[in-house]
Amino acid sequence: MFRTGKHAGIRRPRILPAALVLAATGSGAAVVLPHLTQGAHAAAADPDLGPNVTVFDPSTPAGTIQNSLNSTFEQQEKNQFGSARKAFLFKPGTYAADANVGFYTQVAGLGLSPDDVNIKGAVHAEADWFQGNATQNFWRSAENLSVTPSSGTDRWAVSQAAPYRRMHLRGNLALDDGGWSSGGYLADTRVDGQVRSGSQQQWLTRNAQLGSWTGSNWNMVFVGSQGVPANSFPKPPYTTVDKSPVTREKPFLYVDGSGAWKAFVPAARTNSAGVSWSSGTPAGTSLPLSDFFIVKPGATAAQMNDALAAGKHLLITPGVYHLDQTLKVTRPDTVVLGLGLATLVPDHGITAMTVADVSGVQLAGLLIDAGTANSKQVLEMGPSGSSADHSADPSSLHDVFFRVGGAGVGKATTSLTVNSDDVIGDHLWIWRADHGDGVGWNTNTADTGLVVNGDDVTMYGLFVEHFQKYQTVWNGNGGRTYFYQNEMPYDPPNQAAWTNGSTQGYAAYKVAASVTSHQVYGFGSYCYFSTNPGVTAEHAIEAPGSPNVRFSDMVTVSLGGTGTIRHVVNDRGGPSNASTNVANLVSYP
């Protein structure tokens, strides 16, 4: 639901002219190179990361940095469904810069610790292009940086698929821009001051250390975090879990003291609280960049598969890559790391990627865009029937996003199928588009976002929206979800078109009748049946009555009273409708 509102009353950093940066830093005149691929005075050993990655080091003139940031933001501020992709990477050091982060833009540090790179100025996301409404501020990221905001407060006004990850903010953080906002994800991050959630409808904070938090709306969830509110759902709607049972942080690039480029692969942690980097070098493994095939625009699926078969990892640089064959990950501990929202498009109805039933595979930083021919599934983690135990070295997905429609017609029966056991999901947005190009009930057809068949699968920050049947189907035992956000499809033309047997509508979250153990903490499902407000969903959650299938802190919302969700779980809770928009349920059973 898209609404506008009044801007918040904090300083609003904008595109900062290079001349102001030069004046502030005392630097001399700089040659303006807005499309510089490698930073000035870059080391000879710097890898070729293609045309859409800009690398800065402390000797790069401040004006050069600012002009490059400004040029990209001007291109990307409103470019919601465009094909341009960009990553800005800062080598260890201190910089004066104002990075306004637009669509398909990643701003990241190249230190082993976030504190190795300090930005004095701002790294922020604004919603000026949409009159302060941040509900469409998608697909961008800030990662592995320390930021000292010049005003004392930075802003990250975003909705889905816009992680604020592995950051150290030496000030306050505002999460809205005065209008509506529908985020969001903050993880492995320290904020010295206060986080102000403002209009955010929902938010997940995982393994963070905050000075304090203020604000709430419907579904604010904190897992393994310090300095956060105590559990008090629904008044206010805070869901707090003291520890994260099993996590693995996202892999990232860094440059070591000798100038060598490496990728750091964090180790899994159990029963953790707080950031992974508080006591120095985190546990994990460093991989030389020579172990990676660097995928640049023009690379083919065959080249990627040849590299995978030869034992290489993949570093996919920013771009849009059409696949004419399925990428096949078969070796344990393979890393597939995307930069700048690198995008994979499966053509001819193929599956974009399959992962064998092996341990330790990590997929990160990818947008997978369904093609025009229907894919039965877009990504498969483990083949059907997978049963190996991976608890000692779980596979994981970090900032992996799926899209069906929006940039053009897309079709996919199921976006993500998880067959392997012990998989960790660390921020997923699985989205059937409700706006953009190629959008319609009979156009961007998509049954289900996520199907989980594996046992002991754990999801943090699971966003699944607008699919035409069940949004999520969970068939495996021992599953856990920490924060779930859903919008049902906006566009059922009538009730008959959206009826499951004798049941009106489809649940947003279905746990199979055969499941005997499952846990969900912090659940939100919303309806906005704009095509036909008379449409009804019988319930948001469909689950067996087993005593070990448990849901904590659930909310359903009829946005603007447009449509009805009759119950929250099975026949419990509700309704959400034109008379009562919001319905809370503290526990089930």
# chains A, B, ... in the order shown; residues from 1 in each chain; ligands from 1
$ residues_around --residues "Gly382 in chain A" --least-positions-apart "5" --cutoff "8 Å" --atoms "only C-alpha atoms" --output "ChimeraX atom specification"
/A:354-358,418-420
$ residues_around --residues "Val451 in chain A" --least-positions-apart "2" --cutoff "10 Å" --atoms "only C-alpha atoms" --output "list in words"
Gln377, Glu380, Thr414, Ser415, Leu416, Thr417, Val418, Asn419, Thr448, Gly449, Asn453, Gly454, Tyr470, Gln471, Thr472, Val473, Trp474, Asn475, Gly476 and Lys510 of chain A
$ write_last_selection --atoms "N, CA and C atoms" --output "JSON list (two decimals), in the first residue's frame"
[["chain", "number", "residue", "atom", "x", "y", "z"],
["A", 377, "GLN", "N", 10.87, -24.32, -11.28],
["A", 377, "GLN", "CA", 11.48, -23.75, -10.08],
["A", 377, "GLN", "C", 12.66, -22.89, -10.53],
["A", 380, "GLU", "N", 17.07, -24.40, -6.72],
["A", 380, "GLU", "CA", 16.86, -25.63, -5.95],
["A", 380, "GLU", "C", 18.08, -25.89, -5.08],
["A", 414, "THR", "N", 7.40, -22.26, -8.82],
["A", 414, "THR", "CA", 7.97, -22.09, -7.48],
["A", 414, "THR", "C", 9.30, -21.37, -7.62],
["A", 415, "SER", "N", 9.54, -20.38, -6.79],
["A", 415, "SER", "CA", 10.81, -19.65, -6.90],
["A", 415, "SER", "C", 11.95, -20.39, -6.22],
["A", 416, "LEU", "N", 11.79, -20.79, -4.98],
["A", 416, "LEU", "CA", 12.88, -21.43, -4.22],
["A", 416, "LEU", "C", 12.37, -22.72, -3.61],
["A", 417, "THR", "N", 13.10, -23.80, -3.87],
["A", 417, "THR", "CA", 12.82, -25.10, -3.24],
["A", 417, "THR", "C", 14.04, -25.50, -2.42],
["A", 418, "VAL", "N", 13.84, -25.76, -1.14],
["A", 418, "VAL", "CA", 14.92, -26.19, -0.25],
["A", 418, "VAL", "C", 14.68, -27.65, 0.12],
["A", 419, "ASN", "N", 15.46, -28.53, -0.46],
["A", 419, "ASN", "CA", 15.34, -29.96, -0.17],
["A", 419, "ASN", "C", 16.38, -30.44, 0.83],
["A", 448, "THR", "N", 3.82, -20.37, -6.00],
["A", 448, "THR", "CA", 4.34, -20.40, -4.62],
["A", 448, "THR", "C", 5.74, -19.81, -4.59],
["A", 449, "GLY", "N", 6.04, -19.05, -3.54],
["A", 449, "GLY", "CA", 7.36, -18.47, -3.41],
["A", 449, "GLY", "C", 8.40, -19.45, -2.90],
["A", 453, "ASN", "N", 11.34, -28.62, 1.97],
["A", 453, "ASN", "CA", 11.18, -30.06, 2.21],
["A", 453, "ASN", "C", 12.24, -30.60, 3.15],
["A", 454, "GLY", "N", 13.35, -29.88, 3.32],
["A", 454, "GLY", "CA", 14.42, -30.33, 4.20],
["A", 454, "GLY", "C", 14.07, -30.16, 5.66],
["A", 470, "TYR", "N", -0.35, -20.87, -2.26],
["A", 470, "TYR", "CA", 0.35, -20.70, -0.99],
["A", 470, "TYR", "C", 1.61, -19.86, -1.21],
["A", 471, "GLN", "N", 1.87, -18.94, -0.30],
["A", 471, "GLN", "CA", 3.10, -18.15, -0.38],
["A", 471, "GLN", "C", 4.31, -19.01, 0.02],
["A", 472, "THR", "N", 4.17, -19.72, 1.14],
["A", 472, "THR", "CA", 5.22, -20.58, 1.67],
["A", 472, "THR", "C", 4.61, -21.89, 2.09],
["A", 473, "VAL", "N", 5.26, -23.00, 1.70],
["A", 473, "VAL", "CA", 4.83, -24.35, 2.10],
["A", 473, "VAL", "C", 6.00, -25.01, 2.79],
["A", 474, "TRP", "N", 5.80, -25.44, 4.03],
["A", 474, "TRP", "CA", 6.88, -26.03, 4.83],
["A", 474, "TRP", "C", 6.52, -27.48, 5.13],
["A", 475, "ASN", "N", 7.27, -28.39, 4.51],
["A", 475, "ASN", "CA", 7.02, -29.83, 4.67],
["A", 475, "ASN", "C", 8.03, -30.52, 5.58],
["A", 476, "GLY", "N", 9.17, -29.89, 5.84],
["A", 476, "GLY", "CA", 10.20, -30.51, 6.66],
["A", 476, "GLY", "C", 9.96, -30.32, 8.14],
["A", 510, "LYS", "N", 1.93, -22.18, 5.07],
["A", 510, "LYS", "CA", 1.33, -23.50, 5.30],
["A", 510, "LYS", "C", 2.38, -24.46, 5.85]]
$ select_by_dssp --residues "range 151-357 of chain A" --states "strand (DSSP E)" --output "ChimeraX atom specification"
/A:153-155,164-165,168-169,172-174,185-187,190-196,202-206,209-214,219-223,238-241,244-247,252-255,261-266,269-272,284-288,292-295,313-316,320-323,327-329,335-346,353-355
$ residues_around --residues "Arg206 in chain A" --least-positions-apart "3" --cutoff "8 Å" --atoms "only C-alpha atoms" --output "PDB file with N, CA, C and O atoms, in the first residue's frame"
ATOM      1  N   TYR A 185      15.837  -5.017   7.024  1.00  0.00           N
ATOM      2  CA  TYR A 185      16.789  -5.987   7.569  1.00  0.00           C
ATOM      3  C   TYR A 185      18.069  -5.296   7.994  1.00  0.00           C
ATOM      4  O   TYR A 185      18.736  -4.646   7.178  1.00  0.00           O
ATOM      5  N   LEU A 186      18.438  -5.456   9.253  1.00  0.00           N
ATOM      6  CA  LEU A 186      19.675  -4.955   9.827  1.00  0.00           C
ATOM      7  C   LEU A 186      20.343  -6.113  10.553  1.00  0.00           C
ATOM      8  O   LEU A 186      19.710  -6.749  11.405  1.00  0.00           O
ATOM      9  N   ALA A 187      21.595  -6.413  10.194  1.00  0.00           N
ATOM     10  CA  ALA A 187      22.239  -7.596  10.780  1.00  0.00           C
ATOM     11  C   ALA A 187      23.727  -7.363  10.995  1.00  0.00           C
ATOM     12  O   ALA A 187      24.372  -6.625  10.239  1.00  0.00           O
ATOM     13  N   ASP A 188      24.273  -7.999  12.021  1.00  0.00           N
ATOM     14  CA  ASP A 188      25.704  -7.980  12.326  1.00  0.00           C
ATOM     15  C   ASP A 188      26.217  -6.543  12.376  1.00  0.00           C
ATOM     16  O   ASP A 188      27.293  -6.239  11.874  1.00  0.00           O
ATOM     17  N   PHE A 222      13.499  -8.758  17.042  1.00  0.00           N
ATOM     18  CA  PHE A 222      14.900  -8.652  17.438  1.00  0.00           C
ATOM     19  C   PHE A 222      15.377 -10.048  17.822  1.00  0.00           C
ATOM     20  O   PHE A 222      14.793 -10.690  18.698  1.00  0.00           O
ATOM     21  N   VAL A 223      16.447 -10.508  17.185  1.00  0.00           N
ATOM     22  CA  VAL A 223      16.975 -11.850  17.454  1.00  0.00           C
ATOM     23  C   VAL A 223      18.468 -11.732  17.711  1.00  0.00           C
ATOM     24  O   VAL A 223      19.202 -11.136  16.905  1.00  0.00           O
ATOM     25  N   GLY A 224      18.919 -12.275  18.834  1.00  0.00           N
ATOM     26  CA  GLY A 224      20.343 -12.279  19.140  1.00  0.00           C
ATOM     27  C   GLY A 224      20.953 -10.892  19.190  1.00  0.00           C
ATOM     28  O   GLY A 224      22.115 -10.711  18.813  1.00  0.00           O
ATOM     29  N   SER A 225      20.201  -9.917  19.684  1.00  0.00           N
ATOM     30  CA  SER A 225      20.648  -8.526  19.637  1.00  0.00           C
ATOM     31  C   SER A 225      20.693  -7.915  21.031  1.00  0.00           C
ATOM     32  O   SER A 225      19.972  -8.347  21.938  1.00  0.00           O
ATOM     33  N   SER A 244      20.399 -16.126  18.670  1.00  0.00           N
ATOM     34  CA  SER A 244      20.170 -16.735  17.364  1.00  0.00           C
ATOM     35  C   SER A 244      20.680 -18.172  17.428  1.00  0.00           C
ATOM     36  O   SER A 244      21.863 -18.394  17.726  1.00  0.00           O
ATOM     37  N   TYR A 460      15.927 -16.467   8.722  1.00  0.00           N
ATOM     38  CA  TYR A 460      15.898 -15.160   9.368  1.00  0.00           C
ATOM     39  C   TYR A 460      15.540 -14.120   8.303  1.00  0.00           C
ATOM     40  O   TYR A 460      16.210 -14.015   7.277  1.00  0.00           O
TER      41      TYR A 460
END
$ closest_residue --among "A:Gly365, A:Pro318, A:Gly405, A:Gly545" --to "Val336 in chain A" --atoms "only C-alpha atoms"
A:Gly365
$ residues_around --residues "Trp277 in chain A" --least-positions-apart "2" --cutoff "12 Å" --atoms "only C-alpha atoms" --output "list in words"
Gly111, Leu112, Ser113, Pro114, Asp115, Asp116, Asn144, Arg166, Met167, His168, Ala187, Asp188, Thr189, Arg190, Asn207, Ala208, Gln209, Glu249, Pro266, Ala267, Ala273, Gly274, Val275, Ser279, Gly280, Thr281, Pro282, Ala283 and Gly284 of chain A
